[in-house]
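K.L.:
There's a structure below that I have some questions on.
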Amino acid sequence: MKYNRILLKLSGESLMGKQGYGIDTDRLNSYALQIQKAVNNGVQVGIVIGGGNIFRGLSGASKGFDRVKGDQMGMLATVINSLALSSALEAIGQPAKVLTAIPMFPIGYPYSKWEAIKAMKEGTVAIMSCGTGSPYFTTDTGSALRAIEIEADVMLKGTRVDGVYTADPEKDPTATKFDHITYEEVIARNLKVMDITATALCKENSMPIYVFNMDKEGNLEKMLNGDNVGTLVD
Ligand code: UDP
């Protein structure tokens with residue numbers, strides 16, 4: 001395998017599958033199987049999941065919610081998704097541990113870098129929830145932070161597109177994909193890889209980002225084998 005330890009970011013939206021809301025169990029089970037395969041291949045796996053399928057603080061604020069409370073609701077949404085993924089992993093015999101940046105034992109264990117690393121070294125998937133634990137951040141920034149903290153070799157951003165494009169490929173049919181791009185270019189071209197805070201954090205700490213389509217089954221394994229299935233940002 002190309003990488004020994006990975007941080008995989010899954011968006012909450014991708015968990016919706018075709019449903020348009022909530023958690024699609026087929027999608028969840030497909031992710032669980034791919035993650036288990038990576039662990040079986042000797043890769044230490046840490047995961048951060050978003051909460052956009054349930055609640056986002058920013059859109060809540062536009063409807064009159066207090067932003068901080070809205071963000072706290074969003075962070076709780078990431079816990080719901082994390083519990084769902086841990087349950088799907090355990091159902092197929094893959095140990096998983098939910099860690100929460102905001103203490104809420106026994107729903108999850110309090111997050112620390114060392115707890116996460118200990119779990120991963122034992123072959124348990126460490127699912128780090130609540131993003132950064134603070135409002136006004138996103139789970140992209142949370143995953144950049146966790147990737148750096150747990151000393152991952154790469155931060156994988158699993159999306160529903162094949163990588164980073166010159167424009168949004170779902171809107172612009174002439175958009176072309178990059179195999180490789182620098183952090184500077186991503187920021188200068190305002191490409192929607194991750195938010196600027198997350199990209200800047202990765203840049204400052206030399207954390208490579210790999211963007212790929214996690215919804216194509218087998219893609220995670222291909223990526224870990226070194227196949228060019230997405231875009232490397234470094
Ligand atoms: N959130 C937060 N702090 C964090 C991470 C997330 O307040 O460090 C909240 C924020 O409201 C965000 C929501 O949780 O909108 C869900 O996360 P995100 O939007 O990143 O989920 P995704 O787009 O990946 O599904």
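Ligands are numbered from 1 in the order shown, chains are lettered A, B, ... in the order of the structure tokens, and residues start at 1 in each chain.
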Show me which residues sit within 10 Å of ligand 1 when counting only C-alpha atoms and all ligand atoms, and put them as a PyMOL selection string.
P.N.:
chain A and resi 9-16+48-61+67-79+81+101+129-143+145+157+159+194-195
K.L.:
List every residue of stretch 168-234 of chain A that DSSP, applied to the backbone of this structure, places in strand (DSSP E), and write the result as a VMD selection string.
P.N.:
chain A and resid 177 to 178 180 to 181 209 to 213 230 to 233
K.L.:
List the spatial neighbours of stretch 206-216 of chain A as a list of chain:residue names - criterion: any atom at most 7 Å away, only C-alpha atoms, same-chain residues fewer than 5 positions off excluded.
P.N.:
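Selected residues are A:Ile148, A:Val154, A:Met155, A:Leu156, A:Lys157, A:Gly158, A:Thr159, A:Arg160, A:Val161, A:Asp162, A:Gly163, A:Val164, A:Val229, A:Gly230, A:Thr231, A:Leu232, A:Val233, A:Asp234.
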K.L.:
Can you tell me how far atom CA of A:Ser30 sits from atom CA of A:Ala96, in Å to one decimal?
P.N.:
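Result for atom CA of A:Ser30 versus atom CA of A:Ala96: 15.7 Å, one decimal.
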K.L.:
Under the rule that only C-alpha atoms are counted, which of A:Glu149, A:Glu217, A:Asp168, A:Glu90 is the nearest residue to A:Leu201?
P.N.:
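Answer, going by the shortest atom-to-atom distance: A:Glu149.
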K.L.:
Could you tell me which of A:Met120, A:Met1, A:Ala32, A:Leu83 comes closest to A:Gln44 if we count only C-alpha atoms?
P.N.:
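Ranking A:Met120, A:Met1, A:Ala32, A:Leu83 by distance to A:Gln44, first place goes to A:Met120.
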K.L.:
Please compute the atom CA of A:Val186-atom CA of A:Arg27 distance, one decimal, in Å.
P.N.:
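Those two atoms sit 28.9 Å apart.
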K.L.:
Could you please determine the separation between atom CA of A:Asp24 and atom CA of A:Ser87 in Å, to one decimal place?
P.N.:
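About the pair atom CA of A:Asp24 and atom CA of A:Ser87: they are 13.4 Å apart.
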K.L.:
Could you give me, as a short mmCIF file (atom, residue, chain, number, x, y, z; two decimals) with N, CA and C atoms, in the first residue's frame, the residues within 8 Å of A:Leu99, counting only C-alpha atoms and dropping anything in the same chain fewer than 4 positions from it?
P.N.:
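Here's the written file selection_16.cif:
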```cif
data_model
loop_
_atom_site.label_atom_id
_atom_site.label_comp_id
_atom_site.auth_asym_id
_atom_site.auth_seq_id
_atom_site.Cartn_x
_atom_site.Cartn_y
_atom_site.Cartn_z
N GLY A 108 -19.60 8.63 22.71
CA GLY A 108 -18.29 8.40 22.12
C GLY A 108 -17.24 8.63 23.19
N TYR A 109 -16.00 8.33 22.88
CA TYR A 109 -14.90 8.55 23.83
C TYR A 109 -14.31 9.93 23.55
N PRO A 110 -13.85 10.62 24.60
CA PRO A 110 -13.26 11.94 24.36
C PRO A 110 -12.08 11.84 23.40
N TYR A 111 -12.05 12.73 22.40
CA TYR A 111 -10.98 12.68 21.40
C TYR A 111 -9.65 13.14 21.99
N SER A 112 -8.61 12.39 21.69
CA SER A 112 -7.25 12.91 21.83
C SER A 112 -6.45 12.26 20.72
N ALA A 116 -6.72 8.24 19.34
CA ALA A 116 -6.96 7.93 17.92
C ALA A 116 -5.84 7.04 17.38
N ALA A 126 -10.61 4.75 13.70
CA ALA A 126 -10.87 5.87 14.61
C ALA A 126 -11.75 6.88 13.89
N ILE A 127 -12.99 7.03 14.36
CA ILE A 127 -13.91 7.99 13.73
C ILE A 127 -13.98 9.23 14.62
N MET A 128 -13.42 10.32 14.10
CA MET A 128 -13.27 11.53 14.92
C MET A 128 -14.40 12.50 14.59
N SER A 129 -15.30 12.69 15.54
CA SER A 129 -16.51 13.47 15.25
C SER A 129 -16.47 14.85 15.89
#
```
K.L.:
Within 12 Å of A:Ala167, counting only C-alpha atoms, which residues show up once you throw out same-chain ones fewer than 5 positions away? Write them as a JSON list (two decimals) with N, CA and C atoms, in the first residue's frame, please.
P.N.:
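Output saved as out.json:
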```json
[["chain", "number", "residue", "atom", "x", "y", "z"],
["A", 161, "VAL", "N", -17.21, 13.45, -7.15],
["A", 161, "VAL", "CA", -16.57, 13.69, -8.45],
["A", 161, "VAL", "C", -15.16, 13.08, -8.43],
["A", 172, "ASP", "N", -20.34, 22.49, -15.59],
["A", 172, "ASP", "CA", -19.63, 22.90, -16.80],
["A", 172, "ASP", "C", -19.04, 21.67, -17.51],
["A", 173, "PRO", "N", -19.66, 21.26, -18.64],
["A", 173, "PRO", "CA", -19.20, 20.03, -19.33],
["A", 173, "PRO", "C", -17.79, 20.17, -19.93],
["A", 174, "THR", "N", -17.28, 21.38, -20.07],
["A", 174, "THR", "CA", -15.94, 21.55, -20.65],
["A", 174, "THR", "C", -14.83, 21.49, -19.58],
["A", 175, "ALA", "N", -15.23, 21.33, -18.31],
["A", 175, "ALA", "CA", -14.24, 21.30, -17.22],
["A", 175, "ALA", "C", -13.31, 20.10, -17.38],
["A", 176, "THR", "N", -12.02, 20.31, -17.11],
["A", 176, "THR", "CA", -11.06, 19.20, -17.19],
["A", 176, "THR", "C", -10.44, 18.95, -15.83],
["A", 177, "LYS", "N", -10.00, 17.70, -15.63],
["A", 177, "LYS", "CA", -9.50, 17.28, -14.32],
["A", 177, "LYS", "C", -7.98, 17.48, -14.21],
["A", 178, "PHE", "N", -7.54, 17.88, -13.04],
["A", 178, "PHE", "CA", -6.10, 17.93, -12.75],
["A", 178, "PHE", "C", -5.68, 16.59, -12.15],
["A", 186, "VAL", "N", -4.78, 26.03, -6.04],
["A", 186, "VAL", "CA", -6.16, 25.80, -5.57],
["A", 186, "VAL", "C", -6.71, 27.09, -4.97],
["A", 189, "ARG", "N", -6.92, 29.99, -7.80],
["A", 189, "ARG", "CA", -8.01, 29.80, -8.76],
["A", 189, "ARG", "C", -9.37, 29.67, -8.08],
["A", 190, "ASN", "N", -9.37, 29.71, -6.73],
["A", 190, "ASN", "CA", -10.60, 29.59, -5.95],
["A", 190, "ASN", "C", -11.34, 28.29, -6.29],
["A", 191, "LEU", "N", -10.57, 27.20, -6.42],
["A", 191, "LEU", "CA", -11.18, 25.91, -6.75],
["A", 191, "LEU", "C", -11.82, 25.32, -5.50],
["A", 192, "LYS", "N", -12.99, 24.73, -5.69],
["A", 192, "LYS", "CA", -13.75, 24.25, -4.53],
["A", 192, "LYS", "C", -13.29, 22.85, -4.10],
["A", 193, "VAL", "N", -12.04, 22.76, -3.66],
["A", 193, "VAL", "CA", -11.53, 21.48, -3.16],
["A", 193, "VAL", "C", -11.99, 21.33, -1.72]]
```
K.L.:
DSSP on the backbone: what in stretch 22-142 of chain A comes out helix (DSSP H, G or I), as a ChimeraX atom specification?
P.N.:
/A:25-40,57-62,67-91,113-121,139-142
K.L.:
Selection from above, C-alpha atoms, as a PDB file, in the first residue's frame, can you write it?
P.N.:
```pdb
ATOM      1  CA  THR A  25     -27.735   2.418   4.240  1.00  0.00           C
ATOM      2  CA  ASP A  26     -26.500   1.068   0.883  1.00  0.00           C
ATOM      3  CA  ARG A  27     -24.047   3.950   0.628  1.00  0.00           C
ATOM      4  CA  LEU A  28     -23.046   3.498   4.265  1.00  0.00           C
ATOM      5  CA  ASN A  29     -22.432  -0.225   3.797  1.00  0.00           C
ATOM      6  CA  SER A  30     -20.436   0.386   0.630  1.00  0.00           C
ATOM      7  CA  TYR A  31     -18.185   2.803   2.520  1.00  0.00           C
ATOM      8  CA  ALA A  32     -17.842   0.352   5.413  1.00  0.00           C
ATOM      9  CA  LEU A  33     -16.721  -2.465   3.087  1.00  0.00           C
ATOM     10  CA  GLN A  34     -14.153  -0.254   1.358  1.00  0.00           C
ATOM     11  CA  ILE A  35     -12.791   0.964   4.697  1.00  0.00           C
ATOM     12  CA  GLN A  36     -12.580  -2.584   6.063  1.00  0.00           C
ATOM     13  CA  LYS A  37     -10.605  -3.629   2.984  1.00  0.00           C
ATOM     14  CA  ALA A  38      -8.101  -0.839   3.590  1.00  0.00           C
ATOM     15  CA  VAL A  39      -7.636  -1.977   7.208  1.00  0.00           C
ATOM     16  CA  ASN A  40      -7.239  -5.596   6.050  1.00  0.00           C
ATOM     17  CA  GLY A  57     -24.918  26.024  10.996  1.00  0.00           C
ATOM     18  CA  LEU A  58     -24.583  28.515   8.166  1.00  0.00           C
ATOM     19  CA  SER A  59     -27.848  27.559   6.474  1.00  0.00           C
ATOM     20  CA  GLY A  60     -29.509  27.445   9.908  1.00  0.00           C
ATOM     21  CA  ALA A  61     -28.339  31.017  10.547  1.00  0.00           C
ATOM     22  CA  SER A  62     -29.938  32.139   7.287  1.00  0.00           C
ATOM     23  CA  ARG A  67     -24.999  30.715  14.471  1.00  0.00           C
ATOM     24  CA  VAL A  68     -23.183  29.132  17.407  1.00  0.00           C
ATOM     25  CA  LYS A  69     -26.168  26.959  18.323  1.00  0.00           C
ATOM     26  CA  GLY A  70     -26.585  26.084  14.651  1.00  0.00           C
ATOM     27  CA  ASP A  71     -22.945  25.045  14.432  1.00  0.00           C
ATOM     28  CA  GLN A  72     -23.362  22.985  17.581  1.00  0.00           C
ATOM     29  CA  MET A  73     -26.329  21.287  15.908  1.00  0.00           C
ATOM     30  CA  GLY A  74     -24.086  20.655  12.899  1.00  0.00           C
ATOM     31  CA  MET A  75     -21.395  19.162  15.107  1.00  0.00           C
ATOM     32  CA  LEU A  76     -23.973  16.882  16.700  1.00  0.00           C
ATOM     33  CA  ALA A  77     -24.998  15.845  13.183  1.00  0.00           C
ATOM     34  CA  THR A  78     -21.431  14.639  12.600  1.00  0.00           C
ATOM     35  CA  VAL A  79     -21.766  12.488  15.715  1.00  0.00           C
ATOM     36  CA  ILE A  80     -24.951  10.902  14.340  1.00  0.00           C
ATOM     37  CA  ASN A  81     -23.171  10.086  11.070  1.00  0.00           C
ATOM     38  CA  SER A  82     -20.123   8.792  12.935  1.00  0.00           C
ATOM     39  CA  LEU A  83     -22.266   6.458  15.051  1.00  0.00           C
ATOM     40  CA  ALA A  84     -23.975   5.211  11.885  1.00  0.00           C
ATOM     41  CA  LEU A  85     -20.648   4.437  10.213  1.00  0.00           C
ATOM     42  CA  SER A  86     -19.240   2.780  13.328  1.00  0.00           C
ATOM     43  CA  SER A  87     -22.335   0.615  13.512  1.00  0.00           C
ATOM     44  CA  ALA A  88     -22.012  -0.373   9.834  1.00  0.00           C
ATOM     45  CA  LEU A  89     -18.327  -1.226  10.334  1.00  0.00           C
ATOM     46  CA  GLU A  90     -18.969  -3.287  13.462  1.00  0.00           C
ATOM     47  CA  ALA A  91     -21.778  -5.137  11.674  1.00  0.00           C
ATOM     48  CA  LYS A 113      -4.505  12.368  19.282  1.00  0.00           C
ATOM     49  CA  TRP A 114      -3.174   9.479  21.364  1.00  0.00           C
ATOM     50  CA  GLU A 115      -6.520   7.686  21.678  1.00  0.00           C
ATOM     51  CA  ALA A 116      -6.956   7.933  17.921  1.00  0.00           C
ATOM     52  CA  ILE A 117      -3.463   6.620  17.177  1.00  0.00           C
ATOM     53  CA  LYS A 118      -3.786   3.823  19.749  1.00  0.00           C
ATOM     54  CA  ALA A 119      -7.047   2.677  18.162  1.00  0.00           C
ATOM     55  CA  MET A 120      -5.649   2.775  14.616  1.00  0.00           C
ATOM     56  CA  LYS A 121      -2.541   0.826  15.619  1.00  0.00           C
ATOM     57  CA  THR A 139     -15.450  19.369   8.917  1.00  0.00           C
ATOM     58  CA  ASP A 140     -12.995  19.963   6.045  1.00  0.00           C
ATOM     59  CA  THR A 141     -10.971  22.056   8.473  1.00  0.00           C
ATOM     60  CA  GLY A 142     -11.618  19.458  11.178  1.00  0.00           C
TER      61      GLY A 142
END
```
K.L.:
Which one is closest to A:Gly42: A:Glu204, A:Glu122, A:Asp66, A:Glu151? Count only C-alpha atoms.
P.N.:
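Closest to A:Gly42 of all the choices is A:Glu122.
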